[in-house]
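**Student:** Take a look at target29.tsv, TSV, C-alpha atoms and all ligand atoms:
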```tsv
chain	number	residue	atom	x	y	z
A	53	MET	CA	-23.39	-7.46	-8.92
A	54	SER	CA	-22.37	-5.37	-11.84
A	55	THR	CA	-22.97	-7.03	-15.18
A	56	THR	CA	-20.38	-4.88	-16.94
A	57	TYR	CA	-17.80	-7.25	-15.49
A	58	THR	CA	-18.63	-10.21	-17.67
A	59	GLN	CA	-17.54	-8.50	-20.86
A	60	PRO	CA	-14.04	-7.22	-21.56
A	61	ALA	CA	-13.88	-3.46	-21.22
A	62	THR	CA	-13.29	-1.81	-24.53
A	63	ASP	CA	-14.02	1.68	-23.33
A	64	ILE	CA	-11.64	3.29	-20.85
A	65	ALA	CA	-14.42	5.20	-19.12
A	66	VAL	CA	-16.27	1.96	-18.44
A	67	ALA	CA	-13.15	0.46	-16.92
A	68	THR	CA	-12.86	2.83	-14.00
A	69	ASP	CA	-16.51	3.86	-13.67
A	70	ALA	CA	-17.21	0.34	-12.42
A	71	TYR	CA	-15.30	1.18	-9.24
A	72	PRO	CA	-17.52	3.51	-7.20
A	73	PRO	CA	-15.90	6.72	-5.99
A	74	ARG	CA	-15.25	6.79	-2.28
A	75	THR	CA	-16.69	10.24	-1.71
A	76	ALA	CA	-20.08	9.07	-2.89
A	77	ALA	CA	-20.04	6.31	-0.28
A	78	ARG	CA	-18.76	8.18	2.75
A	79	GLU	CA	-17.33	11.48	3.89
A	80	LEU	CA	-13.63	11.95	4.60
A	81	THR	CA	-13.28	11.63	8.36
A	82	PHE	CA	-10.38	11.81	10.79
A	83	THR	CA	-9.68	11.88	14.49
A	84	THR	CA	-6.79	12.05	16.98
A	85	HIS	CA	-5.49	9.57	19.52
A	86	GLY	CA	-3.05	9.99	22.43
A	87	GLU	CA	-1.52	13.09	24.01
A	88	THR	CA	0.89	15.75	22.84
A	89	THR	CA	4.27	15.76	24.60
A	90	SER	CA	5.30	19.43	24.26
A	91	PRO	CA	3.96	22.85	23.24
A	92	ARG	CA	5.65	22.36	19.81
A	93	HIS	CA	3.90	19.00	19.38
A	94	ALA	CA	0.55	20.60	20.30
A	95	TRP	CA	1.14	23.50	17.92
A	96	PHE	CA	1.81	21.05	15.09
A	97	ARG	CA	-1.31	19.02	15.88
A	98	ASP	CA	-3.47	22.16	15.93
A	99	GLY	CA	-2.03	23.35	12.61
A	100	VAL	CA	-2.74	20.00	10.94
A	101	LEU	CA	-6.27	19.87	12.39
A	102	ALA	CA	-7.04	23.36	11.12
A	103	GLU	CA	-5.73	22.58	7.63
A	104	MET	CA	-7.66	19.30	7.42
A	105	HIS	CA	-10.78	21.10	8.51
A	106	ARG	CA	-10.16	23.75	5.86
A	107	ARG	CA	-9.85	21.03	3.19
A	108	GLY	CA	-13.25	19.61	4.08
A	109	HIS	CA	-12.30	16.66	6.28
A	110	VAL	CA	-14.73	16.00	9.13
A	111	TYR	CA	-13.31	15.67	12.65
A	112	ARG	CA	-14.78	12.87	14.77
A	113	ASP	CA	-14.72	13.00	18.55
A	114	PRO	CA	-12.05	10.47	19.68
A	115	ALA	CA	-14.44	9.32	22.40
A	116	ALA	CA	-16.84	8.11	19.71
A	117	GLY	CA	-14.40	5.38	18.62
A	118	SER	CA	-12.68	4.96	15.28
A	119	SER	CA	-14.47	2.08	13.59
A	120	ASP	CA	-15.38	4.00	10.46
A	121	VAL	CA	-12.85	6.84	10.60
A	122	GLY	CA	-10.64	7.26	7.53
A	123	LEU	CA	-7.50	8.63	9.22
A	124	VAL	CA	-6.23	8.62	12.80
A	125	LEU	CA	-3.52	11.08	13.84
A	126	ASN	CA	-1.74	9.13	16.57
A	127	LEU	CA	0.10	11.51	18.93
A	128	THR	CA	2.91	9.63	20.59
A	129	SER	CA	6.57	9.85	21.61
A	130	LEU	CA	9.91	8.61	20.33
A	131	ASP	CA	10.84	6.94	23.64
A	132	ALA	CA	7.58	5.07	24.10
A	133	PRO	CA	5.80	4.88	20.74
A	134	ARG	CA	2.28	3.70	21.50
A	135	PRO	CA	0.38	1.90	18.77
A	136	PHE	CA	-3.13	2.85	17.86
A	137	ARG	CA	-4.95	-0.46	17.42
A	138	ARG	CA	-7.43	0.11	14.66
A	139	ASN	CA	-10.77	-1.64	14.58
A	140	SER	CA	-11.16	-1.36	10.88
A	141	GLN	CA	-8.74	-2.23	8.11
A	142	GLY	CA	-10.14	0.74	6.26
A	143	THR	CA	-8.57	3.09	8.80
A	144	PHE	CA	-5.14	4.60	8.10
A	145	VAL	CA	-2.87	5.74	10.92
A	146	ALA	CA	-0.27	8.52	10.88
A	147	SER	CA	1.85	8.76	14.04
A	148	ILE	CA	3.12	12.21	14.98
A	149	LEU	CA	5.99	12.58	17.43
A	150	GLU	CA	8.73	14.99	18.36
A	151	SER	CA	12.44	14.15	18.31
A	152	HIS	CA	14.80	16.23	20.42
A	153	GLY	CA	17.76	16.78	18.14
A	154	GLU	CA	18.58	15.03	14.89
A	155	PRO	CA	19.45	11.32	15.20
A	156	ASP	CA	22.76	10.15	13.65
A	157	ASP	CA	20.92	7.67	11.49
A	158	ILE	CA	17.45	8.96	10.71
A	159	PHE	CA	16.25	5.78	9.05
A	160	ARG	CA	17.45	3.44	11.81
A	161	THR	CA	15.92	5.67	14.47
A	162	PHE	CA	12.61	6.51	12.82
A	163	TYR	CA	11.66	3.43	10.82
A	164	PRO	CA	11.37	1.02	13.78
A	165	VAL	CA	9.18	3.60	15.55
A	166	LEU	CA	6.85	3.50	12.56
A	167	LEU	CA	6.57	-0.26	13.06
A	168	TYR	CA	6.17	-0.04	16.84
A	169	ALA	CA	3.41	2.51	16.42
A	170	MET	CA	1.85	0.28	13.71
A	171	SER	CA	1.32	3.22	11.44
A	172	ASN	CA	1.11	3.72	7.70
A	173	LEU	CA	3.04	6.95	8.03
A	174	GLY	CA	5.46	8.34	10.63
A	175	ILE	CA	5.77	12.11	11.09
A	176	TYR	CA	8.80	13.23	13.12
A	177	ILE	CA	9.18	16.86	14.19
A	178	ILE	CA	12.64	18.23	14.95
A	179	ASP	CA	12.80	21.80	16.27
A	180	PHE	CA	16.18	23.48	15.64
A	181	GLY	CA	15.09	26.93	16.84
A	182	ILE	CA	15.72	28.76	13.56
A	183	ARG	CA	13.99	26.07	11.57
A	184	LEU	CA	11.65	23.15	12.03
A	185	ASP	CA	12.17	19.92	10.08
A	186	VAL	CA	9.30	17.51	9.66
A	187	HIS	CA	10.39	14.06	8.45
A	188	PHE	CA	7.86	11.77	6.80
A	189	MET	CA	8.50	8.03	6.58
A	190	THR	CA	6.29	5.45	4.89
A	191	MET	CA	6.04	1.68	5.30
A	192	GLU	CA	7.71	1.33	1.89
A	193	GLN	CA	10.66	3.32	3.30
A	194	GLY	CA	9.72	6.50	1.51
A	195	HIS	CA	11.38	9.44	3.30
A	196	TYR	CA	10.98	13.17	2.74
A	197	VAL	CA	11.34	16.36	4.74
A	198	VAL	CA	9.23	19.54	4.92
A	199	THR	CA	11.01	22.52	6.51
A	200	LEU	CA	9.68	25.70	8.10
A	201	TYR	CA	12.16	28.55	8.67
A	202	VAL	CA	11.51	31.26	11.24
A	203	GLY	CA	9.51	34.04	9.57
A	204	GLU	CA	8.06	31.83	6.82
A	205	SER	CA	4.33	31.40	6.28
A	206	GLU	CA	2.83	28.82	8.60
A	207	GLU	CA	-0.17	28.61	6.32
A	208	GLU	CA	1.95	27.43	3.39
A	209	PHE	CA	3.83	25.09	5.68
A	210	PHE	CA	0.68	23.34	6.87
A	211	ALA	CA	-0.61	23.23	3.29
A	212	ASP	CA	2.62	21.31	2.42
A	213	ILE	CA	2.12	19.01	5.39
A	214	TYR	CA	-1.44	18.35	4.26
A	215	ASP	CA	-0.28	17.47	0.74
A	216	ARG	CA	1.95	14.78	2.25
A	217	LEU	CA	-0.92	13.43	4.36
A	218	ALA	CA	-3.50	13.60	1.59
A	219	PRO	CA	-2.70	10.21	-0.03
A	220	LEU	CA	-3.63	8.58	3.29
A	221	ALA	CA	-6.45	10.94	4.17
A	222	THR	CA	-8.29	10.62	0.87
A	223	SER	CA	-7.79	7.08	-0.44
A	224	GLN	CA	-9.90	3.99	0.01
A	225	LEU	CA	-8.58	0.51	0.71
A	226	VAL	CA	-9.96	-2.36	-1.32
A	227	ILE	CA	-8.54	-5.22	0.71
A	228	ASN	CA	-11.61	-7.15	1.76
A	229	ASN	CA	-11.85	-10.71	0.50
A	230	ARG	CA	-15.02	-12.67	-0.25
A	231	TYR	CA	-14.35	-16.40	-0.51
A	232	VAL	CA	-16.52	-18.69	-2.60
A	233	ALA	CA	-15.68	-22.39	-2.15
A	234	ASP	CA	-16.53	-23.28	-5.74
A	235	LEU	CA	-13.11	-23.89	-7.28
A	236	PRO	CA	-13.45	-26.95	-9.57
A	237	GLU	CA	-11.67	-29.94	-8.08
A	238	THR	CA	-9.54	-30.23	-11.21
A	239	LEU	CA	-7.87	-26.96	-10.16
A	240	TRP	CA	-7.23	-27.80	-6.50
A	241	ALA	CA	-3.69	-28.82	-7.34
A	242	GLY	CA	-3.25	-25.90	-9.74
A	243	ASP	CA	-2.72	-25.81	-13.49
A	244	ALA	CA	-0.02	-24.81	-15.99
A	245	THR	CA	-0.48	-21.15	-15.01
A	246	THR	CA	0.03	-21.72	-11.27
A	247	GLU	CA	3.21	-23.66	-12.21
A	248	GLN	CA	4.44	-20.46	-13.89
A	249	LEU	CA	3.64	-18.43	-10.74
A	250	ILE	CA	5.61	-20.89	-8.60
A	251	TRP	CA	8.52	-20.72	-11.05
A	252	ALA	CA	8.41	-16.90	-11.16
A	253	GLY	CA	8.28	-16.60	-7.37
A	254	ARG	CA	11.37	-18.79	-7.05
A	255	LYS	CA	13.08	-16.69	-9.71
A	256	LEU	CA	12.34	-13.49	-7.74
A	257	GLY	CA	14.03	-15.08	-4.74
A	258	GLU	CA	17.09	-16.00	-6.83
A	259	MET	CA	17.26	-12.46	-8.18
A	260	ASN	CA	17.16	-11.21	-4.58
A	261	LEU	CA	14.04	-9.16	-5.34
A	262	LEU	CA	12.08	-10.22	-2.28
A	263	PRO	CA	13.94	-8.53	0.54
A	264	ALA	CA	12.19	-7.88	3.80
A	265	PRO	CA	12.20	-4.08	4.12
A	266	TRP	CA	13.73	-4.34	7.56
A	267	PRO	CA	14.35	-7.19	10.00
A	268	ILE	CA	11.12	-6.40	11.78
A	269	HIS	CA	11.37	-9.51	13.96
A	270	GLU	CA	14.08	-7.65	15.86
A	271	PHE	CA	11.74	-4.81	16.70
A	272	LEU	CA	8.35	-6.33	17.40
A	273	ASN	CA	7.14	-9.00	19.79
A	274	GLU	CA	5.10	-11.92	18.42
A	275	ARG	CA	1.73	-10.34	19.14
A	276	ASP	CA	2.59	-6.98	17.61
A	277	LEU	CA	4.25	-8.69	14.68
A	278	ARG	CA	1.10	-10.67	13.90
A	279	HIS	CA	-0.95	-7.49	14.13
A	280	VAL	CA	1.36	-5.66	11.72
A	281	MET	CA	1.39	-8.62	9.35
A	282	ARG	CA	-2.36	-8.66	9.24
A	283	LEU	CA	-2.65	-4.92	8.73
A	284	PHE	CA	-0.04	-4.53	6.05
A	285	GLY	CA	0.21	-8.02	4.65
A	286	ILE	CA	3.99	-7.70	4.79
A	287	GLY	CA	4.84	-10.73	6.93
A	288	GLY	CA	8.47	-9.69	7.01
A	289	LEU	CA	9.01	-12.48	4.51
A	290	SER	CA	8.86	-10.84	1.15
A	291	TYR	CA	7.52	-7.83	-0.62
A	292	GLY	CA	5.99	-7.61	-4.06
A	293	ASN	CA	3.42	-9.79	-5.76
A	294	LEU	CA	2.68	-11.52	-9.04
A	295	SER	CA	-0.28	-12.75	-11.01
A	296	ALA	CA	-1.13	-14.50	-14.28
A	297	ARG	CA	-4.33	-14.61	-16.30
A	298	ARG	CA	-6.27	-17.88	-16.32
A	299	ASP	CA	-9.04	-16.94	-18.77
A	300	ASP	CA	-11.00	-13.90	-20.00
A	301	SER	CA	-12.27	-12.94	-16.57
A	302	THR	CA	-10.13	-14.66	-13.90
A	303	PHE	CA	-6.50	-14.62	-12.81
A	304	TRP	CA	-4.23	-16.40	-10.32
A	305	MET	CA	-2.43	-14.21	-7.79
A	306	SER	CA	0.02	-14.66	-4.93
A	307	ALA	CA	-1.39	-14.49	-1.40
A	308	SER	CA	-0.60	-11.70	1.03
A	309	GLY	CA	2.31	-12.06	3.44
A	310	VAL	CA	3.65	-15.34	2.06
A	311	ASP	CA	7.21	-16.04	0.93
A	312	LYS	CA	6.91	-15.68	-2.85
A	313	SER	CA	9.96	-17.84	-3.42
A	314	LYS	CA	8.08	-20.81	-1.89
A	315	LEU	CA	4.61	-20.62	-3.43
A	316	LYS	CA	2.88	-23.97	-3.29
A	317	GLU	CA	-0.72	-24.55	-2.33
A	318	VAL	CA	-3.79	-23.29	-4.21
A	319	GLY	CA	-6.09	-21.38	-1.85
A	320	ARG	CA	-3.23	-20.66	0.55
A	321	ASP	CA	-0.25	-19.36	-1.45
A	322	ILE	CA	-2.00	-18.79	-4.77
A	323	LEU	CA	-5.59	-17.60	-5.13
A	324	LEU	CA	-7.97	-17.44	-8.08
A	325	VAL	CA	-9.46	-13.94	-8.33
A	326	THR	CA	-12.79	-14.09	-10.15
A	327	ASP	CA	-14.35	-10.68	-9.63
A	328	TYR	CA	-14.59	-7.43	-7.71
A	329	ASP	CA	-17.78	-7.06	-5.64
A	330	ALA	CA	-18.51	-3.34	-5.73
A	331	ASP	CA	-21.29	-3.53	-3.14
A	332	ALA	CA	-19.08	-5.25	-0.57
A	333	ASN	CA	-15.95	-3.43	-1.81
A	334	ALA	CA	-14.26	-6.84	-1.84
A	335	MET	CA	-12.20	-9.04	-4.14
A	336	VAL	CA	-14.03	-12.29	-4.90
A	337	LEU	CA	-11.90	-15.46	-4.67
A	338	SER	CA	-12.74	-18.96	-5.81
A	339	VAL	CA	-11.15	-21.42	-3.38
A	340	PRO	CA	-11.04	-25.19	-2.84
A	341	ALA	CA	-13.75	-26.54	-0.56
A	342	GLU	CA	-11.52	-27.79	2.22
A	343	VAL	CA	-8.86	-25.13	2.53
A	344	GLN	CA	-8.63	-22.39	5.14
A	345	PRO	CA	-7.81	-19.68	2.62
A	346	ARG	CA	-5.29	-16.89	3.04
A	347	ARG	CA	-5.92	-13.33	1.91
A	348	VAL	CA	-5.00	-12.38	-1.62
A	349	SER	CA	-2.30	-9.74	-2.12
A	350	VAL	CA	-3.54	-6.23	-1.36
A	351	ASP	CA	-2.82	-5.16	-4.94
A	352	ALA	CA	-5.43	-7.54	-6.40
A	353	ILE	CA	-7.69	-4.57	-7.20
A	354	GLU	CA	-4.94	-3.01	-9.33
A	355	HIS	CA	-4.27	-6.24	-11.24
A	356	HIS	CA	-8.01	-6.73	-11.69
A	357	MET	CA	-8.39	-3.31	-13.33
A	358	ILE	CA	-5.46	-3.95	-15.68
A	359	TYR	CA	-6.60	-7.42	-16.81
A	360	ARG	CA	-10.13	-6.16	-17.46
A	361	GLU	CA	-8.99	-3.22	-19.52
A	362	HIS	CA	-6.28	-5.00	-21.53
A	363	PRO	CA	-7.25	-8.47	-22.76
A	364	GLY	CA	-3.70	-8.89	-24.13
A	365	VAL	CA	-2.10	-8.71	-20.68
A	366	GLY	CA	-1.29	-12.24	-19.54
A	367	ALA	CA	0.76	-11.56	-16.42
A	368	ILE	CA	1.63	-8.78	-13.96
A	369	LEU	CA	4.62	-8.47	-11.66
A	370	HIS	CA	5.09	-5.96	-8.83
A	371	ILE	CA	8.52	-5.56	-7.23
A	372	HIS	CA	10.11	-3.08	-4.86
A	373	ALA	CA	12.88	-2.13	-7.26
A	374	TRP	CA	13.37	0.33	-10.10
A	375	MET	CA	14.34	0.67	-13.78
A	376	ASP	CA	15.83	3.62	-15.64
A	377	GLY	CA	13.53	5.87	-17.62
A	378	VAL	CA	10.15	4.70	-16.31
A	379	GLU	CA	7.13	6.97	-16.00
A	380	SER	CA	5.98	7.14	-12.39
A	381	THR	CA	2.87	8.04	-10.40
A	382	HIS	CA	3.08	11.49	-8.78
A	383	ILE	CA	1.46	10.70	-5.45
A	384	ASN	CA	2.48	7.78	-3.25
A	385	TYR	CA	-0.93	6.34	-2.43
A	386	PRO	CA	-0.78	3.38	-0.03
A	387	CYS	CA	-0.79	-0.22	-1.29
A	388	GLY	CA	-4.19	-1.77	-1.77
A	389	THR	CA	-6.08	1.45	-2.39
A	390	ARG	CA	-8.43	2.20	-5.22
A	391	GLU	CA	-6.49	5.41	-5.88
A	392	LEU	CA	-3.14	3.61	-6.34
A	393	ALA	CA	-4.83	1.09	-8.64
A	394	ILE	CA	-6.33	3.85	-10.80
A	395	ALA	CA	-3.06	5.83	-10.93
A	396	VAL	CA	-1.18	2.73	-12.11
A	397	ALA	CA	-3.90	1.74	-14.59
A	398	ASP	CA	-3.81	5.30	-16.00
A	399	LEU	CA	-0.03	5.11	-16.52
A	400	ILE	CA	-0.21	1.70	-18.18
A	401	ARG	CA	-2.92	2.90	-20.56
A	402	ASP	CA	-0.60	5.70	-21.73
A	403	THR	CA	2.39	3.47	-22.52
A	404	PRO	CA	3.10	2.60	-26.18
A	405	ASP	CA	2.15	-1.05	-25.51
A	406	PRO	CA	0.06	-1.63	-22.36
A	407	THR	CA	0.55	-5.40	-22.73
A	408	ARG	CA	4.32	-4.93	-22.27
A	409	ALA	CA	4.58	-1.98	-19.92
A	410	VAL	CA	6.82	-0.99	-17.03
A	411	VAL	CA	5.55	1.81	-14.78
A	412	GLY	CA	6.81	3.28	-11.51
A	413	LEU	CA	4.96	3.70	-8.23
A	414	LYS	CA	6.42	6.76	-6.52
A	415	ASN	CA	8.67	5.92	-3.54
A	416	HIS	CA	7.60	2.31	-3.83
A	417	GLY	CA	8.46	0.13	-6.82
A	418	LEU	CA	7.41	-1.09	-10.26
A	419	THR	CA	4.38	-2.69	-11.85
A	420	ILE	CA	5.24	-4.65	-15.01
A	421	THR	CA	2.79	-6.14	-17.48
A	422	GLY	CA	3.53	-8.83	-20.06
A	423	ARG	CA	2.12	-11.57	-22.24
A	424	SER	CA	3.28	-14.15	-19.66
A	425	LEU	CA	5.57	-14.32	-16.62
A	426	PRO	CA	8.49	-15.86	-18.59
A	427	GLU	CA	8.12	-13.07	-21.16
A	428	ILE	CA	8.31	-10.45	-18.36
A	429	PHE	CA	11.46	-11.97	-16.85
A	430	ASP	CA	13.07	-12.13	-20.27
A	431	ARG	CA	12.40	-8.45	-20.83
A	432	ILE	CA	13.56	-7.11	-17.45
A	433	ASP	CA	16.67	-9.30	-17.23
A	434	GLY	CA	19.71	-7.15	-16.40
A	435	ARG	CA	17.72	-3.90	-16.21
A	436	ILE	CA	16.56	-3.95	-12.58
A	437	ILE	CA	17.97	-1.42	-10.10
A	438	PRO	CA	17.52	-2.66	-6.51
A	439	THR	CA	17.08	0.81	-4.96
A	440	VAL	CA	13.84	2.75	-5.37
A	441	PRO	CA	14.37	6.53	-5.67
A	442	MET	CA	12.87	8.38	-2.70
A	443	SER	CA	11.83	12.02	-2.60
B	1	ZN	ZN	4.38	-2.89	-3.10
```
Using structure tokens, write down the structure that the file contains.
Ligand SMILES: [Zn+2]
**Tutor:**
Amino acid sequence: MSTTYTQPATDIAVATDAYPPRTAARELTFTTHGETTSPRHAWFRDGVLAEMHRRGHVYRDPAAGSSDVGLVLNLTSLDAPRPFRRNSQGTFVASILESHGEPDDIFRTFYPVLLYAMSNLGIYIIDFGIRLDVHFMTMEQGHYVVTLYVGESEEEFFADIYDRLAPLATSQLVINNRYVADLPETLWAGDATTEQLIWAGRKLGEMNLLPAPWPIHEFLNERDLRHVMRLFGIGGLSYGNLSARRDDSTFWMSASGVDKSKLKEVGRDILLVTDYDADANAMVLSVPAEVQPRRVSVDAIEHHMIYREHPGVGAILHIHAWMDGVESTHINYPCGTRELAIAVADLIRDTPDPTRAVVGLKNHGLTITGRSLPEIFDRIDGRIIPTVPMS
């Protein structure tokens, strides 16, 4: 284990150098799954494959399995969206399908398909003859369109498509958990800080800041729902997460997929994050001896970076909402990735006061730092906009 972790980072370079770059560990790989449904669908697949190849991504034979592949392009259809069941949580999935004609309500038509296909990203091609629209939709309800008109450069078009895929194709998830059953018994029932987390979670519920993104129970059967919950940690219960510092090197954080308005049990709803294990690429959690622990929120890596770099930060809140005038990340990296964590940590470092900062995550939400959770709620009171701008 890295010894640099025991001392507070005073040097910015030290802060992020402790997290090993993905490219040093493995090459960027991708593969395809499923069949194309039309010549247009096949043309699109071939264009994407060629561009990814050009950008240095390595194509893996689908027959070889996907256990260590970074990105799967899942070719499927709107009528019968087939999920690609990934073996590894480190694998991202983008589903590509063709829609015949433009649906009346794009979101209501496309978003459930994204869930059915259990994908991080949905790519929907609509061919109008004189132009081709490609809609992108993310789990966080990000939605944007890339258009190709007849006579325009296909090369530039596929370069645009690649840029939209790149956040998935190049980032590395840090969502593994390593549990150590060494939490002192005096903390099994929590402490003053976990009381603040419970209070803050309830407050988020009262402020209506924990909406399920979509009533996904209506769209998925029990088995698929459980699979999606495990993959994305969304649970359909509530989005967002919160944490509070316990001491110099540890912090309490909400678990993944739980209802934040009803946080209760240490080890199940609230976890003590003690470290990041670079060798295992895992968050280290200290848990009570006799609890079957839940996973910590996927953004634990981001909070870990911020607490290490800024000893004055006492609490961090992440909500899927917006505030006027915030600086935002430029690329919408997926939740739980090293790249999102670094992009957010970079923004916070550049604010006038990193211990009281509000920064935006493109197409996604806000990360807010403060001295404590009550101090954060005091500061954001009346300034929250429920809708996240999408582009
Ligand atoms: Zn989020």
**Student:** Write out as an NGL selection string each polymer residue (protein, DNA or RNA) that has an atom no more than 10 Å from ligand ZN 1 (chain B), with all atoms listed in the file counted.
**Tutor:** :A and (191-192 or 286 or 291-293 or 349-351 or 370-373 or 386-388 or 413 or 415-419)
**Student:** At a cut-off of 9 Å, using all atoms listed in the file, what residues contact Met442 in chain A? Leave out same-chain residues fewer than 5 positions from it and give the result as a PyMOL selection string.
**Tutor:** chain A and resi 193-196+414-416
**Student:** Mind pulling up the distance from CA of Asp120 in chain A to CA of Thr81 in chain A?
**Tutor:**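 Going from CA of Thr81 in chain A over to CA of Asp120 in chain A covers 8.2 Å.
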**Student:** Would you list the contacts of Met259 in chain A as a list in words, taking every protein, DNA or RNA residue within 10 Å and counting all atoms listed in the file, but skipping same-chain residues closer than 6 positions in sequence?
**Tutor:**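 In the requested form, the answer reads Gly253, Asp433, Ile436 and Pro438 of chain A.
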**Student:** Find the residue from A:Ala221, A:Val121, A:Ala409, A:Met104 that sits nearest to Ile358 in chain A; use all atoms listed in the file when measuring.
**Tutor:** A:Ala409
**Student:** Quote the spacing between CA of Ser308 in chain A and CA of Ala334 in chain A in Å to one decimal place.
**Tutor:**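 It comes out at 14.8 Å.
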**Student:** So, with only C-alpha atoms as the atoms that count, which of A:Leu261, A:Arg297, A:Arg183, A:Gly319 lies closest to Ala241 in chain A?
**Tutor:**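 Looking only at the distances to Ala241 in chain A, the closest residue turns out to be A:Gly319.
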**Student:** Near His109 in chain A, within 10 Å and counting only C-alpha atoms, which residues show up once chain neighbours fewer than 5 positions away are dropped, as a list of chain:residue names?
**Tutor:** A:Glu79, A:Leu80, A:Thr81, A:Phe82, A:Thr83, A:Leu101, A:Ala102, A:Glu103, A:Met104, A:Gly122, A:Leu123, A:Ala221, A:Thr222
**Student:** So how many Å separate CA of Arg138 in chain A and CA of Asp276 in chain A, to one decimal?
**Tutor:**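 Rounded to one decimal, the two atoms are 12.6 Å apart.
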**Student:** Let me make sure I understand: among A:Ile158, A:Leu235, A:Ile400, A:Val124, which one has the smallest atom-to-atom distance to Leu173 in chain A if we use only C-alpha atoms?
**Tutor:**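 Selected residue with least distance to Leu173 in chain A: A:Val124.
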**Student:** Have range 340-356 of chain A completed to N, CA and C atoms, please, and pass it along as an mmCIF file, keeping the file's coordinate frame.
**Tutor:**
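Listed below is the output, rebuild_0.cif:
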```
data_model
loop_
_atom_site.group_PDB
_atom_site.id
_atom_site.type_symbol
_atom_site.label_atom_id
_atom_site.label_comp_id
_atom_site.auth_asym_id
_atom_site.auth_seq_id
_atom_site.Cartn_x
_atom_site.Cartn_y
_atom_site.Cartn_z
ATOM 1 N N PRO A 340 -10.661 -23.787 -3.022
ATOM 2 C CA PRO A 340 -11.040 -25.190 -2.840
ATOM 3 C C PRO A 340 -11.932 -25.337 -1.604
ATOM 4 N N ALA A 341 -12.758 -26.376 -1.613
ATOM 5 C CA ALA A 341 -13.750 -26.540 -0.560
ATOM 6 C C ALA A 341 -13.127 -26.725 0.821
ATOM 7 N N GLU A 342 -12.006 -27.425 0.899
ATOM 8 C CA GLU A 342 -11.520 -27.790 2.220
ATOM 9 C C GLU A 342 -10.237 -27.082 2.640
ATOM 10 N N VAL A 343 -10.072 -25.872 2.177
ATOM 11 C CA VAL A 343 -8.860 -25.130 2.530
ATOM 12 C C VAL A 343 -9.247 -23.905 3.353
ATOM 13 N N GLN A 344 -8.480 -23.649 4.407
ATOM 14 C CA GLN A 344 -8.630 -22.390 5.140
ATOM 15 C C GLN A 344 -7.856 -21.353 4.349
ATOM 16 N N PRO A 345 -8.546 -20.506 3.579
ATOM 17 C CA PRO A 345 -7.810 -19.680 2.620
ATOM 18 C C PRO A 345 -7.063 -18.515 3.269
ATOM 19 N N ARG A 346 -5.982 -18.113 2.640
ATOM 20 C CA ARG A 346 -5.290 -16.890 3.040
ATOM 21 C C ARG A 346 -5.867 -15.729 2.226
ATOM 22 N N ARG A 347 -5.468 -14.525 2.631
ATOM 23 C CA ARG A 347 -5.920 -13.330 1.910
ATOM 24 C C ARG A 347 -5.099 -13.182 0.631
ATOM 25 N N VAL A 348 -5.736 -12.647 -0.387
ATOM 26 C CA VAL A 348 -5.000 -12.380 -1.620
ATOM 27 C C VAL A 348 -4.165 -11.108 -1.413
ATOM 28 N N SER A 349 -3.129 -10.941 -2.190
ATOM 29 C CA SER A 349 -2.300 -9.740 -2.120
ATOM 30 C C SER A 349 -3.159 -8.472 -2.169
ATOM 31 N N VAL A 350 -2.744 -7.457 -1.427
ATOM 32 C CA VAL A 350 -3.540 -6.230 -1.360
ATOM 33 C C VAL A 350 -3.652 -5.509 -2.703
ATOM 34 N N ASP A 351 -2.771 -5.831 -3.645
ATOM 35 C CA ASP A 351 -2.820 -5.160 -4.940
ATOM 36 C C ASP A 351 -3.723 -5.856 -5.955
ATOM 37 N N ALA A 352 -4.540 -6.803 -5.481
ATOM 38 C CA ALA A 352 -5.430 -7.540 -6.400
ATOM 39 C C ALA A 352 -6.349 -6.581 -7.165
ATOM 40 N N ILE A 353 -6.797 -5.520 -6.525
ATOM 41 C CA ILE A 353 -7.690 -4.570 -7.200
ATOM 42 C C ILE A 353 -6.995 -3.927 -8.408
ATOM 43 N N GLU A 354 -5.714 -3.604 -8.233
ATOM 44 C CA GLU A 354 -4.940 -3.010 -9.330
ATOM 45 C C GLU A 354 -4.808 -4.000 -10.495
ATOM 46 N N HIS A 355 -4.435 -5.235 -10.191
ATOM 47 C CA HIS A 355 -4.270 -6.240 -11.240
ATOM 48 C C HIS A 355 -5.620 -6.484 -11.932
ATOM 49 N N HIS A 356 -6.679 -6.512 -11.140
ATOM 50 C CA HIS A 356 -8.010 -6.730 -11.690
ATOM 51 C C HIS A 356 -8.366 -5.657 -12.724
#
```
